[in-house]
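Colleague: Mind looking over this structure? Questions follow.
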Amino acid sequence: MINDQIDILKSKLNTLIDEGCSFEKVYELSVELDNLILEYYKEKEAGRNP
């Protein structure tokens, strides 16, 4: 489910930030997370995601 994917990416993003990883890695994962969140809201709007 997309919610689980979002939670996993949020956790990974937080870990990257906590570990002081490079801006590029943090940004890349952040964009990926943003895209998943966008997909979630599109599905929710279409009535496919409660």
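Letters A, B, ... mark the chains of the structure tokens in the order given; residue numbers begin at 1 per chain; ligand numbers begin at 1, in order shown.
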Run DSSP on the backbone and tell me which residues of chain A come out as alpha helix (DSSP H); list them as a PyMOL selection string.

Modeller: chain A and resi 2-18+23-45

Colleague: As an exercise, work out the distance from atom CA of Tyr40 of chain A to atom CA of Lys10 of chain A in Å and give it to one decimal place.

Modeller: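 Computed distance, atom CA of Tyr40 of chain A to atom CA of Lys10 of chain A, equals 14.1 Å.
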
Colleague: If I take atom CA of Asn35 of chain A and atom CA of Asp4 of chain A, how far is one from the other in Å, to one decimal?

Modeller: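 These atoms are spaced 14.2 Å apart.
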
Colleague: Using only C-alpha atoms, determine which residues lie at most 12 Å from segment 20-26 of chain A, disregarding the query and same-chain residues fewer than 6 positions distant; provide the list as a PDB file with N, CA and C atoms, in the first residue's frame.

Modeller:
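Dumped to selection_7.pdb:
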```
ATOM      1  N   LEU A   9       9.830   5.556   3.266  1.00  0.00           N
ATOM      2  CA  LEU A   9      10.682   6.630   2.738  1.00  0.00           C
ATOM      3  C   LEU A   9      10.889   7.741   3.755  1.00  0.00           C
ATOM      4  N   LYS A  10       9.856   8.060   4.547  1.00  0.00           N
ATOM      5  CA  LYS A  10      10.015   9.084   5.590  1.00  0.00           C
ATOM      6  C   LYS A  10      11.074   8.656   6.587  1.00  0.00           C
ATOM      7  N   SER A  11      11.031   7.389   6.957  1.00  0.00           N
ATOM      8  CA  SER A  11      12.010   6.862   7.899  1.00  0.00           C
ATOM      9  C   SER A  11      13.425   6.925   7.307  1.00  0.00           C
ATOM     10  N   LYS A  12      13.562   6.525   6.046  1.00  0.00           N
ATOM     11  CA  LYS A  12      14.869   6.577   5.386  1.00  0.00           C
ATOM     12  C   LYS A  12      15.372   8.007   5.291  1.00  0.00           C
ATOM     13  N   LEU A  13      14.475   8.930   4.963  1.00  0.00           N
ATOM     14  CA  LEU A  13      14.860  10.337   4.854  1.00  0.00           C
ATOM     15  C   LEU A  13      15.345  10.868   6.200  1.00  0.00           C
ATOM     16  N   ASN A  14      14.607  10.551   7.260  1.00  0.00           N
ATOM     17  CA  ASN A  14      15.016  10.992   8.593  1.00  0.00           C
ATOM     18  C   ASN A  14      16.380  10.425   8.971  1.00  0.00           C
ATOM     19  N   GLU A  32      11.607  11.851  -4.217  1.00  0.00           N
ATOM     20  CA  GLU A  32      10.911  10.572  -4.353  1.00  0.00           C
ATOM     21  C   GLU A  32       9.715  10.511  -3.401  1.00  0.00           C
ATOM     22  N   LEU A  33       9.913  10.970  -2.179  1.00  0.00           N
ATOM     23  CA  LEU A  33       8.838  10.996  -1.191  1.00  0.00           C
ATOM     24  C   LEU A  33       7.737  11.957  -1.630  1.00  0.00           C
TER      25      LEU A  33
END
```

Colleague: Compare A:Met1, A:Ile6, A:Glu19, A:Ala46 by their minimum atom-to-atom distance to Val31 of chain A, counting only C-alpha atoms, and give me the closest one.

Modeller: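 Closest candidate: A:Ile6.
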
Colleague: Measure the distance from atom CA of Thr15 of chain A to atom CA of Tyr41 of chain A in Å and round it to one decimal.

Modeller: 24.7 Å
